[in-house]
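S.K.: Sharing a structure with you now.
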Amino acid sequence: MDANQNLYQYTLRMADNCLILGQRLAEWCGHGPILEQDIALTNISLDLMGQARNYFQYAAKVVGEDKTEDDIAFLRDGMEFQNLLLLEQPNGDFGQTVVRQFFFDSFHHVFLTKMVASKDLQLSAIAEKSIKEVTYHLKWSSQWMLRLGDGTEESHERMQVAVDNLWMYAFEGLEMDQLDQVMLEAEIGPDLNSIKAEVVDNVKNILNEATLTIPQESFVQTGGKDGRHTEYLGFILAEMQHMQRAFPGAKW
Amino acid sequence: MDTTSLTHDHVKEILKGVMDPEIPVLSVFDMGVIREIKINEQGCNVTITPTYSGCPAMNTIEEDIYKHLHNAGIKSVEVNTVLSPAWTTDWMTEEGKQKLEEYGIAAPVGGTKDKRSLFLEDITVKCPQCKSENTILVSEFGSTACKAMYKCKDCLEPFDYFKCI
């Protein structure tokens, strides 16, 4: 792969993370447990969609070929998506959504602090902008981990089930693969190994404070960055892309 | 319009009439969204920066800038958006903060240098209605991503707080 292709694929990883999680959170619209949290979830989704657009617009510029942000977001198939598997998992109950959000925010926040130092000026600028918003996301999700984990018997139980179910997806973002290595050498991406301890410690600290049991399993499910996704992605994309595919080039 | 007579101040005056679509008492200048105005032979070039990544008002703001400048007779207008340096509430004018309060939205407390005010820790937000300091945070997200939701324990009214970022 040439440098341009590498940068394109690397940008897509961040773009797809924001897009898929943004899409999942948007499913909550009108269905939140209480109005204020319905609004919180959709606002987080909006932030992520904005960040996704920044990444997709840059990806379109990098790849050239007359592609637009919309072409890239709506006309790729599942195997071409590079989001983390965590983000395509179902919303489940509010607790599961909180756990998914918290696991991602914990990684996302630290990852962005590193990306600010990227040699790629645009990725650095996007990171500089995004990290302010993501800090609020992390605050929101951490607070809810505590409220629900250290809450009632029922909320605690539901949270524990969610943590147990999502644990194998929690740290996929920290696994270096070939492209991560190439980007590290180009000083565009960080060494994920250098942020592993911080991210894992932050997660474990909150789990402890939330009186939740930390699962013993250390197996990390991977595949997202390779385009090997869980069955959920297909359904997400079907819903998200069907209009553009049914009516190519349609305009409002 | 004769572009030789076009000045930086003239464009600035026109842009002061471009209001934030979500908070119509604030102009794009009050918000600190206008980063640069460049006058050239053909007309002018305006650089703006988005408040939040997903802010849906930015499209409208961009269109309004074109509209206002075209209506003032400036035919050649270019608006471009930059992400860096990232927008911060530190760029909001004092006048703008005043207008926010009068409108019923609590203005950002403290500056972004203070880590605590930056993320809603240890700050006292005054109720824009009754001015009481006896208020509590309801949610980090209010009617829009840029605002948090607070409640006044004295007059019992809820209100939006424009977050420090």
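Within each chain, counting starts at residue 1; across the structure tokens, chains are named A, B, ... in the order shown, with ligands numbered 1 upward in that order.
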Output as a VMD selection string all residues of chain B that backbone DSSP marks as strand (DSSP E).
M.R.: chain B and resid 34 to 39 43 to 48 76 to 81 135 to 139 147 to 152 158 to 162
S.K.: Within 10 Å of chain B, which residues of chain A are there when counting only C-alpha atoms? Please give them as a CSV table (one decimal) with all heavy atoms, in the first residue's frame.
M.R.:
chain,number,residue,atom,x,y,z
A,36,GLU,N,-34.0,13.9,29.6
A,36,GLU,CA,-32.7,14.5,29.7
A,36,GLU,C,-31.6,13.6,29.2
A,36,GLU,O,-30.6,14.0,28.6
A,36,GLU,CB,-32.3,14.9,31.1
A,36,GLU,CG,-33.1,16.1,31.7
A,36,GLU,CD,-34.4,15.8,32.2
A,36,GLU,OE1,-34.8,14.6,32.1
A,36,GLU,OE2,-35.1,16.7,32.7
A,37,GLN,N,-31.8,12.3,29.4
A,37,GLN,CA,-30.8,11.3,28.9
A,37,GLN,C,-31.0,11.0,27.4
A,37,GLN,O,-30.1,10.6,26.7
A,37,GLN,CB,-30.7,10.1,29.8
A,37,GLN,CG,-30.3,10.4,31.3
A,37,GLN,CD,-29.1,11.4,31.3
A,37,GLN,OE1,-28.1,11.2,30.6
A,37,GLN,NE2,-29.2,12.4,32.2
A,38,ASP,N,-32.2,11.1,26.9
A,38,ASP,CA,-32.5,10.9,25.5
A,38,ASP,C,-31.7,12.0,24.8
A,38,ASP,O,-31.0,11.7,23.8
A,38,ASP,CB,-34.0,11.1,25.3
A,38,ASP,CG,-34.4,10.7,23.9
A,38,ASP,OD1,-34.0,11.4,22.9
A,38,ASP,OD2,-35.2,9.7,23.7
A,39,ILE,N,-31.8,13.2,25.3
A,39,ILE,CA,-31.1,14.3,24.8
A,39,ILE,C,-29.5,14.2,24.9
A,39,ILE,O,-28.8,14.5,24.0
A,39,ILE,CB,-31.5,15.6,25.4
A,39,ILE,CG1,-32.9,16.0,25.0
A,39,ILE,CG2,-30.6,16.8,25.1
A,39,ILE,CD1,-33.6,17.1,25.8
A,40,ALA,N,-29.1,13.6,26.0
A,40,ALA,CA,-27.6,13.4,26.2
A,40,ALA,C,-27.1,12.5,25.2
A,40,ALA,O,-26.1,12.7,24.5
A,40,ALA,CB,-27.4,12.9,27.6
A,41,LEU,N,-27.8,11.3,25.0
A,41,LEU,CA,-27.4,10.3,24.0
A,41,LEU,C,-27.3,10.9,22.6
A,41,LEU,O,-26.4,10.6,21.9
A,41,LEU,CB,-28.3,9.1,24.1
A,41,LEU,CG,-28.2,8.3,25.4
A,41,LEU,CD1,-29.4,7.3,25.5
A,41,LEU,CD2,-26.9,7.4,25.4
A,42,THR,N,-28.4,11.6,22.2
A,42,THR,CA,-28.4,12.1,20.9
A,42,THR,C,-27.4,13.3,20.7
A,42,THR,O,-26.9,13.4,19.6
A,42,THR,CB,-29.8,12.6,20.5
A,42,THR,OG1,-30.4,13.4,21.5
A,42,THR,CG2,-30.7,11.4,20.3
A,43,ASN,N,-27.1,14.0,21.7
A,43,ASN,CA,-26.1,15.0,21.6
A,43,ASN,C,-24.7,14.4,21.4
A,43,ASN,O,-23.9,14.9,20.7
A,43,ASN,CB,-26.1,16.0,22.8
A,43,ASN,CG,-27.0,17.2,22.6
A,43,ASN,OD1,-27.0,17.8,21.6
A,43,ASN,ND2,-27.7,17.5,23.6
A,44,ILE,N,-24.4,13.3,22.2
A,44,ILE,CA,-23.2,12.6,22.0
A,44,ILE,C,-23.1,12.1,20.6
A,44,ILE,O,-22.1,12.2,19.9
A,44,ILE,CB,-23.0,11.5,23.0
A,44,ILE,CG1,-23.0,12.1,24.5
A,44,ILE,CG2,-21.7,10.7,22.8
A,44,ILE,CD1,-23.0,11.0,25.6
A,45,SER,N,-24.2,11.6,20.1
A,45,SER,CA,-24.3,11.1,18.7
A,45,SER,C,-23.9,12.2,17.7
A,45,SER,O,-23.2,12.0,16.8
A,45,SER,CB,-25.7,10.5,18.4
A,45,SER,OG,-25.8,10.2,17.1
A,46,LEU,N,-24.5,13.4,18.0
A,46,LEU,CA,-24.3,14.5,17.1
A,46,LEU,C,-22.8,14.9,17.1
A,46,LEU,O,-22.2,15.2,16.0
A,46,LEU,CB,-25.2,15.7,17.5
A,46,LEU,CG,-25.1,16.9,16.6
A,46,LEU,CD1,-25.6,16.6,15.2
A,46,LEU,CD2,-25.9,18.0,17.2
A,47,ASP,N,-22.2,15.0,18.2
A,47,ASP,CA,-20.8,15.3,18.3
A,47,ASP,C,-20.0,14.3,17.4
A,47,ASP,O,-19.1,14.7,16.7
A,47,ASP,CB,-20.3,15.1,19.8
A,47,ASP,CG,-20.5,16.3,20.6
A,47,ASP,OD1,-21.0,17.4,20.1
A,47,ASP,OD2,-20.4,16.2,21.9
A,48,LEU,N,-20.3,13.0,17.6
A,48,LEU,CA,-19.6,11.9,16.9
A,48,LEU,C,-19.8,12.0,15.4
A,48,LEU,O,-18.9,11.8,14.6
A,48,LEU,CB,-20.0,10.6,17.4
A,48,LEU,CG,-19.5,10.2,18.8
A,48,LEU,CD1,-20.2,9.0,19.4
A,48,LEU,CD2,-18.0,10.1,18.9
A,49,MET,N,-21.0,12.4,15.0
A,49,MET,CA,-21.3,12.5,13.6
A,49,MET,C,-20.5,13.7,13.0
A,49,MET,O,-20.0,13.6,11.9
A,49,MET,CB,-22.8,12.8,13.3
A,49,MET,CG,-23.7,11.5,13.5
A,49,MET,SD,-23.1,10.2,12.5
A,49,MET,CE,-24.5,9.0,12.6
A,50,GLY,N,-20.4,14.8,13.8
A,50,GLY,CA,-19.6,15.9,13.3
A,50,GLY,C,-18.1,15.5,13.2
A,50,GLY,O,-17.5,15.9,12.2
A,51,GLN,N,-17.6,14.8,14.1
A,51,GLN,CA,-16.2,14.3,14.1
A,51,GLN,C,-16.1,13.4,12.9
A,51,GLN,O,-15.1,13.4,12.1
A,51,GLN,CB,-15.9,13.6,15.4
A,51,GLN,CG,-15.8,14.6,16.5
A,51,GLN,CD,-15.7,13.8,17.9
A,51,GLN,OE1,-15.2,12.7,17.9
A,51,GLN,NE2,-16.0,14.5,19.0
A,52,ALA,N,-17.1,12.5,12.7
A,52,ALA,CA,-17.0,11.5,11.5
A,52,ALA,C,-16.9,12.3,10.2
A,52,ALA,O,-16.1,12.0,9.4
A,52,ALA,CB,-18.3,10.7,11.5
A,53,ARG,N,-17.7,13.4,10.1
A,53,ARG,CA,-17.7,14.2,8.9
A,53,ARG,C,-16.3,14.8,8.7
A,53,ARG,O,-15.8,14.8,7.5
A,53,ARG,CB,-18.8,15.3,8.9
A,53,ARG,CG,-20.2,14.8,8.7
A,53,ARG,CD,-21.1,15.9,8.4
A,53,ARG,NE,-20.8,16.4,7.1
A,53,ARG,CZ,-21.2,17.6,6.6
A,53,ARG,NH1,-22.0,18.3,7.4
A,53,ARG,NH2,-20.9,18.0,5.4
A,54,ASN,N,-15.7,15.3,9.7
A,54,ASN,CA,-14.4,15.9,9.6
A,54,ASN,C,-13.4,14.8,9.0
A,54,ASN,O,-12.6,15.1,8.1
A,54,ASN,CB,-13.8,16.4,11.0
A,54,ASN,CG,-14.5,17.6,11.4
A,54,ASN,OD1,-15.0,18.4,10.6
A,54,ASN,ND2,-14.6,17.9,12.7
A,121,LEU,N,-1.1,17.2,9.9
A,121,LEU,CA,-1.7,18.4,10.5
A,121,LEU,C,-3.2,18.3,10.6
A,121,LEU,O,-3.8,18.8,11.6
A,121,LEU,CB,-1.3,19.6,9.7
A,121,LEU,CG,0.2,19.9,9.7
A,121,LEU,CD1,0.5,21.1,8.9
A,121,LEU,CD2,0.7,20.1,11.2
A,122,GLN,N,-3.9,17.7,9.6
A,122,GLN,CA,-5.3,17.7,9.6
A,122,GLN,C,-5.8,16.7,10.7
A,122,GLN,O,-6.8,17.0,11.4
A,122,GLN,CB,-5.9,17.3,8.3
A,122,GLN,CG,-7.4,17.5,8.1
A,122,GLN,CD,-8.0,18.9,8.4
A,122,GLN,OE1,-7.2,19.8,8.5
A,122,GLN,NE2,-9.3,19.0,8.4
A,124,SER,N,-4.3,15.9,13.3
A,124,SER,CA,-4.0,16.6,14.6
A,124,SER,C,-5.0,17.6,14.9
A,124,SER,O,-5.5,17.7,16.1
A,124,SER,CB,-2.6,17.3,14.5
A,124,SER,OG,-2.4,18.2,15.5
A,125,ALA,N,-5.5,18.4,13.9
A,125,ALA,CA,-6.5,19.4,14.1
A,125,ALA,C,-7.8,18.8,14.5
A,125,ALA,O,-8.5,19.3,15.4
A,125,ALA,CB,-6.6,20.3,12.9
A,126,ILE,N,-8.2,17.7,13.8
A,126,ILE,CA,-9.4,17.0,14.2
A,126,ILE,C,-9.4,16.5,15.6
A,126,ILE,O,-10.3,16.6,16.4
A,126,ILE,CB,-9.7,15.9,13.2
A,126,ILE,CG1,-9.9,16.4,11.8
A,126,ILE,CG2,-11.0,15.1,13.6
A,126,ILE,CD1,-10.0,15.3,10.7
A,127,ALA,N,-8.2,16.0,16.0
A,127,ALA,CA,-8.0,15.4,17.3
A,127,ALA,C,-8.1,16.6,18.4
A,127,ALA,O,-8.8,16.4,19.4
A,127,ALA,CB,-6.7,14.7,17.5
A,128,GLU,N,-7.5,17.7,18.0
A,128,GLU,CA,-7.5,18.9,18.9
A,128,GLU,C,-8.9,19.3,19.2
A,128,GLU,O,-9.3,19.7,20.3
A,128,GLU,CB,-6.7,20.0,18.3
A,128,GLU,CG,-6.5,21.2,19.2
A,128,GLU,CD,-6.0,22.4,18.4
A,128,GLU,OE1,-5.4,22.2,17.3
A,128,GLU,OE2,-6.2,23.5,18.8
A,129,LYS,N,-9.7,19.3,18.1
A,129,LYS,CA,-11.1,19.7,18.3
A,129,LYS,C,-12.0,18.7,19.0
A,129,LYS,O,-12.7,19.0,19.9
A,129,LYS,CB,-11.7,19.9,16.9
A,129,LYS,CG,-13.2,20.4,16.9
A,129,LYS,CD,-13.4,21.7,16.2
A,129,LYS,CE,-14.7,22.3,16.6
A,129,LYS,NZ,-14.6,22.9,17.9
A,130,SER,N,-11.8,17.4,18.6
A,130,SER,CA,-12.6,16.3,19.1
A,130,SER,C,-12.4,16.1,20.6
A,130,SER,O,-13.3,15.7,21.3
A,130,SER,CB,-12.4,15.0,18.4
A,130,SER,OG,-12.5,15.2,17.0
A,131,ILE,N,-11.2,16.2,21.1
A,131,ILE,CA,-10.9,15.8,22.4
A,131,ILE,C,-11.7,16.7,23.5
A,131,ILE,O,-12.0,16.1,24.5
A,131,ILE,CB,-9.4,15.9,22.7
A,131,ILE,CG1,-9.1,15.1,24.0
A,131,ILE,CG2,-8.9,17.3,22.9
A,131,ILE,CD1,-7.6,14.8,24.2
A,132,LYS,N,-12.0,17.9,23.1
A,132,LYS,CA,-12.8,18.7,24.1
A,132,LYS,C,-14.1,18.1,24.2
A,132,LYS,O,-14.7,18.0,25.3
A,132,LYS,CB,-12.9,20.1,23.5
A,132,LYS,CG,-11.6,20.9,23.4
A,132,LYS,CD,-11.8,22.1,22.6
A,132,LYS,CE,-10.7,23.1,22.7
A,132,LYS,NZ,-11.1,24.5,23.1
A,133,GLU,N,-14.7,17.7,23.1
A,133,GLU,CA,-16.1,17.1,23.2
A,133,GLU,C,-16.0,15.7,23.9
A,133,GLU,O,-16.9,15.4,24.7
A,133,GLU,CB,-16.6,17.0,21.8
A,133,GLU,CG,-16.8,18.3,21.1
A,133,GLU,CD,-16.8,18.3,19.6
A,133,GLU,OE1,-16.8,17.2,19.0
A,133,GLU,OE2,-16.8,19.4,19.0
A,135,THR,N,-14.0,14.7,26.1
A,135,THR,CA,-13.8,14.8,27.5
A,135,THR,C,-15.2,14.9,28.2
A,135,THR,O,-15.4,14.3,29.3
A,135,THR,CB,-13.0,16.0,27.9
A,135,THR,OG1,-11.8,15.9,27.1
A,135,THR,CG2,-12.7,16.0,29.4
A,136,TYR,N,-16.1,15.6,27.6
A,136,TYR,CA,-17.5,15.6,28.2
A,136,TYR,C,-18.2,14.3,28.0
A,136,TYR,O,-18.9,13.8,28.9
A,136,TYR,CB,-18.3,16.7,27.5
A,136,TYR,CG,-18.2,18.1,28.1
A,136,TYR,CD1,-17.6,19.1,27.3
A,136,TYR,CD2,-18.6,18.3,29.4
A,136,TYR,CE1,-17.4,20.4,27.9
A,136,TYR,CE2,-18.4,19.6,29.9
A,136,TYR,CZ,-17.8,20.6,29.2
A,136,TYR,OH,-17.7,21.9,29.7
A,137,HIS,N,-17.9,13.5,26.9
A,137,HIS,CA,-18.5,12.2,26.8
A,137,HIS,C,-18.1,11.3,27.9
A,137,HIS,O,-18.8,10.6,28.5
A,137,HIS,CB,-18.1,11.6,25.4
A,137,HIS,CG,-18.5,12.3,24.2
A,137,HIS,ND1,-18.2,12.0,23.0
A,137,HIS,CD2,-19.3,13.4,24.1
A,137,HIS,CE1,-18.7,12.8,22.1
A,137,HIS,NE2,-19.3,13.7,22.7
A,139,LYS,N,-16.9,12.1,30.8
A,139,LYS,CA,-17.4,12.5,32.1
A,139,LYS,C,-18.8,12.0,32.2
A,139,LYS,O,-19.2,11.4,33.3
A,139,LYS,CB,-17.5,14.1,32.1
A,139,LYS,CG,-17.9,14.6,33.5
A,139,LYS,CD,-17.7,16.1,33.6
A,139,LYS,CE,-17.7,16.5,35.1
A,139,LYS,NZ,-18.9,16.1,35.8
A,140,TRP,N,-19.6,12.1,31.2
A,140,TRP,CA,-21.0,11.6,31.2
A,140,TRP,C,-21.0,10.1,31.5
A,140,TRP,O,-21.8,9.6,32.3
A,140,TRP,CB,-21.7,12.0,29.9
A,140,TRP,CG,-23.1,11.5,29.8
A,140,TRP,CD1,-24.2,12.2,30.2
A,140,TRP,CD2,-23.6,10.2,29.3
A,140,TRP,NE1,-25.4,11.4,30.0
A,140,TRP,CE2,-25.0,10.3,29.4
A,140,TRP,CE3,-23.0,9.1,28.7
A,140,TRP,CZ2,-25.8,9.2,29.0
A,140,TRP,CZ3,-23.8,8.1,28.3
A,140,TRP,CH2,-25.2,8.1,28.5
S.K.: Which is closer to Asp160 in chain B than all the others in B:Met92, B:Ile37, B:Ala57, B:Ile23, using only C-alpha atoms?
M.R.: B:Ile23
S.K.: Among the residues of chain B, find those DSSP assigns to helix (DSSP H, G or I) from the backbone and print them as a PyMOL selection string.
M.R.: chain B and resi 3-5+8-15+57-71+89-91+94-103+115-118
S.K.: Report as a ChimeraX atom specification all protein, DNA and RNA residues lying within 9 Å of range 183-186 of chain A, evaluated on only C-alpha atoms, omitting residues in the same chain fewer than 6 positions from it.
M.R.: /A:6-7,10,119
S.K.: Could those selected residues go to a file with N, CA and C atoms, as a PDB file, in the first residue's frame?
M.R.:
ATOM      1  N   ASN A   6      -2.397   4.251   2.800  1.00  0.00           N
ATOM      2  CA  ASN A   6      -2.231   4.011   4.238  1.00  0.00           C
ATOM      3  C   ASN A   6      -2.951   5.083   5.036  1.00  0.00           C
ATOM      4  N   LEU A   7      -2.732   6.329   4.649  1.00  0.00           N
ATOM      5  CA  LEU A   7      -3.354   7.447   5.360  1.00  0.00           C
ATOM      6  C   LEU A   7      -4.867   7.381   5.239  1.00  0.00           C
ATOM      7  N   TYR A  10      -6.152   4.573   7.449  1.00  0.00           N
ATOM      8  CA  TYR A  10      -5.984   4.940   8.858  1.00  0.00           C
ATOM      9  C   TYR A  10      -7.053   5.955   9.285  1.00  0.00           C
ATOM     10  N   LYS A 119       1.992  13.975  13.106  1.00  0.00           N
ATOM     11  CA  LYS A 119       2.673  14.780  12.087  1.00  0.00           C
ATOM     12  C   LYS A 119       1.707  15.212  11.001  1.00  0.00           C
TER      13      LYS A 119
END
S.K.: Which residues are near Thr60 in chain B? Cut-off 12 Å, only C-alpha atoms, ignore same chain within fewer than 6 positions. Put them as a ChimeraX atom specification.
M.R.: /B:18-22,28,50,66-68
S.K.: So that I can see what lies close to Gly43 in chain B, please list as a list in words the residues with an atom at most 8 Å from it, counting only C-alpha atoms and leaving out residues fewer than 6 positions away in the same chain.
M.R.: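 In the requested format, the answer is Thr3, Leu6, Ile74, Lys75, Ser76 and Val77 of chain B.
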S.K.: Set the distance at 10 Å and use only C-alpha atoms: which residues neighbour Asn45 in chain B once local chain neighbours fewer than 4 positions away are removed? I'd like the list as a count of residues only.
M.R.: 11
S.K.: Quick one: residues within 12 Å of Gln5 in chain A, only C-alpha atoms counted, chain neighbours fewer than 6 positions away excluded, as a short mmCIF file (atom, residue, chain, number, x, y, z; two decimals) with all heavy atoms, in the first residue's frame?
M.R.:
data_model
loop_
_atom_site.label_atom_id
_atom_site.label_comp_id
_atom_site.auth_asym_id
_atom_site.auth_seq_id
_atom_site.Cartn_x
_atom_site.Cartn_y
_atom_site.Cartn_z
N THR A 11 -7.31 6.93 8.40
CA THR A 11 -8.35 7.94 8.66
C THR A 11 -9.71 7.29 8.76
O THR A 11 -10.54 7.64 9.61
CB THR A 11 -8.35 9.02 7.56
OG1 THR A 11 -7.04 9.58 7.46
CG2 THR A 11 -9.34 10.13 7.88
N LEU A 12 -9.94 6.28 7.89
CA LEU A 12 -11.22 5.58 7.90
C LEU A 12 -11.50 4.91 9.24
O LEU A 12 -12.65 4.83 9.67
CB LEU A 12 -11.26 4.50 6.81
CG LEU A 12 -11.56 4.97 5.40
CD1 LEU A 12 -11.72 3.76 4.48
CD2 LEU A 12 -12.81 5.83 5.35
N ALA A 59 -10.68 12.12 4.44
CA ALA A 59 -10.44 10.87 3.72
C ALA A 59 -10.72 11.06 2.23
O ALA A 59 -9.97 10.57 1.38
CB ALA A 59 -11.33 9.76 4.28
N ALA A 60 -11.78 11.80 1.92
CA ALA A 60 -12.14 12.04 0.51
C ALA A 60 -11.03 12.82 -0.18
O ALA A 60 -10.66 12.54 -1.32
CB ALA A 60 -13.46 12.80 0.43
N LYS A 61 -10.48 13.80 0.55
CA LYS A 61 -9.39 14.60 -0.02
C LYS A 61 -8.16 13.73 -0.27
O LYS A 61 -7.52 13.81 -1.31
CB LYS A 61 -9.04 15.70 0.99
CG LYS A 61 -8.52 16.98 0.36
CD LYS A 61 -8.59 18.15 1.31
CE LYS A 61 -7.19 18.72 1.52
NZ LYS A 61 -7.15 19.72 2.58
N VAL A 62 -7.87 12.86 0.70
CA VAL A 62 -6.66 12.03 0.62
C VAL A 62 -6.75 11.01 -0.51
O VAL A 62 -5.80 10.81 -1.26
CB VAL A 62 -6.41 11.31 1.97
CG1 VAL A 62 -5.37 10.20 1.84
CG2 VAL A 62 -5.99 12.31 3.04
N VAL A 63 -7.91 10.38 -0.66
CA VAL A 63 -8.04 9.30 -1.65
C VAL A 63 -8.25 9.84 -3.06
O VAL A 63 -7.95 9.16 -4.04
CB VAL A 63 -9.16 8.32 -1.25
CG1 VAL A 63 -10.53 8.87 -1.67
CG2 VAL A 63 -8.93 6.95 -1.81
N GLY A 64 -8.73 11.07 -3.15
CA GLY A 64 -8.94 11.68 -4.46
C GLY A 64 -10.03 10.92 -5.20
O GLY A 64 -11.06 10.61 -4.63
N GLU A 65 -9.77 10.54 -6.44
CA GLU A 65 -10.69 9.75 -7.27
C GLU A 65 -12.08 10.38 -7.32
O GLU A 65 -13.08 9.68 -7.51
CB GLU A 65 -10.85 8.32 -6.71
CG GLU A 65 -9.58 7.50 -6.67
CD GLU A 65 -9.76 6.21 -5.88
OE1 GLU A 65 -10.93 5.81 -5.68
OE2 GLU A 65 -8.77 5.60 -5.45
N LEU A 179 -0.87 -1.78 10.00
CA LEU A 179 -1.08 -0.39 9.60
C LEU A 179 -0.72 0.56 10.75
O LEU A 179 -0.12 1.61 10.53
CB LEU A 179 -2.52 -0.16 9.15
CG LEU A 179 -2.86 1.26 8.68
CD1 LEU A 179 -1.96 1.68 7.52
CD2 LEU A 179 -4.32 1.36 8.27
N VAL A 182 2.97 0.96 10.68
CA VAL A 182 3.39 1.84 9.58
C VAL A 182 3.15 3.30 9.95
O VAL A 182 3.99 4.17 9.73
CB VAL A 182 2.62 1.47 8.28
CG1 VAL A 182 2.84 2.52 7.21
CG2 VAL A 182 3.06 0.10 7.77
N MET A 183 1.98 3.58 10.52
CA MET A 183 1.64 4.96 10.88
C MET A 183 2.51 5.46 12.04
O MET A 183 2.80 6.65 12.13
CB MET A 183 0.16 5.08 11.24
CG MET A 183 -0.76 4.80 10.08
SD MET A 183 -0.18 5.50 8.54
CE MET A 183 -1.21 6.89 8.33
#
S.K.: Identify which of the residues A:Asp164, A:Asp93, A:Glu88, A:Asp71 lies closest to Leu207 in chain A, counting only C-alpha atoms when measuring atom-to-atom distances.
M.R.: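 Answer, going by the shortest atom-to-atom distance: A:Asp164.
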S.K.: How many Å lie between CA of Gly104 in chain B and CA of Pro128 in chain B, rounded to one decimal?
M.R.: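 Rounded to one decimal, the two atoms are 5.4 Å apart.
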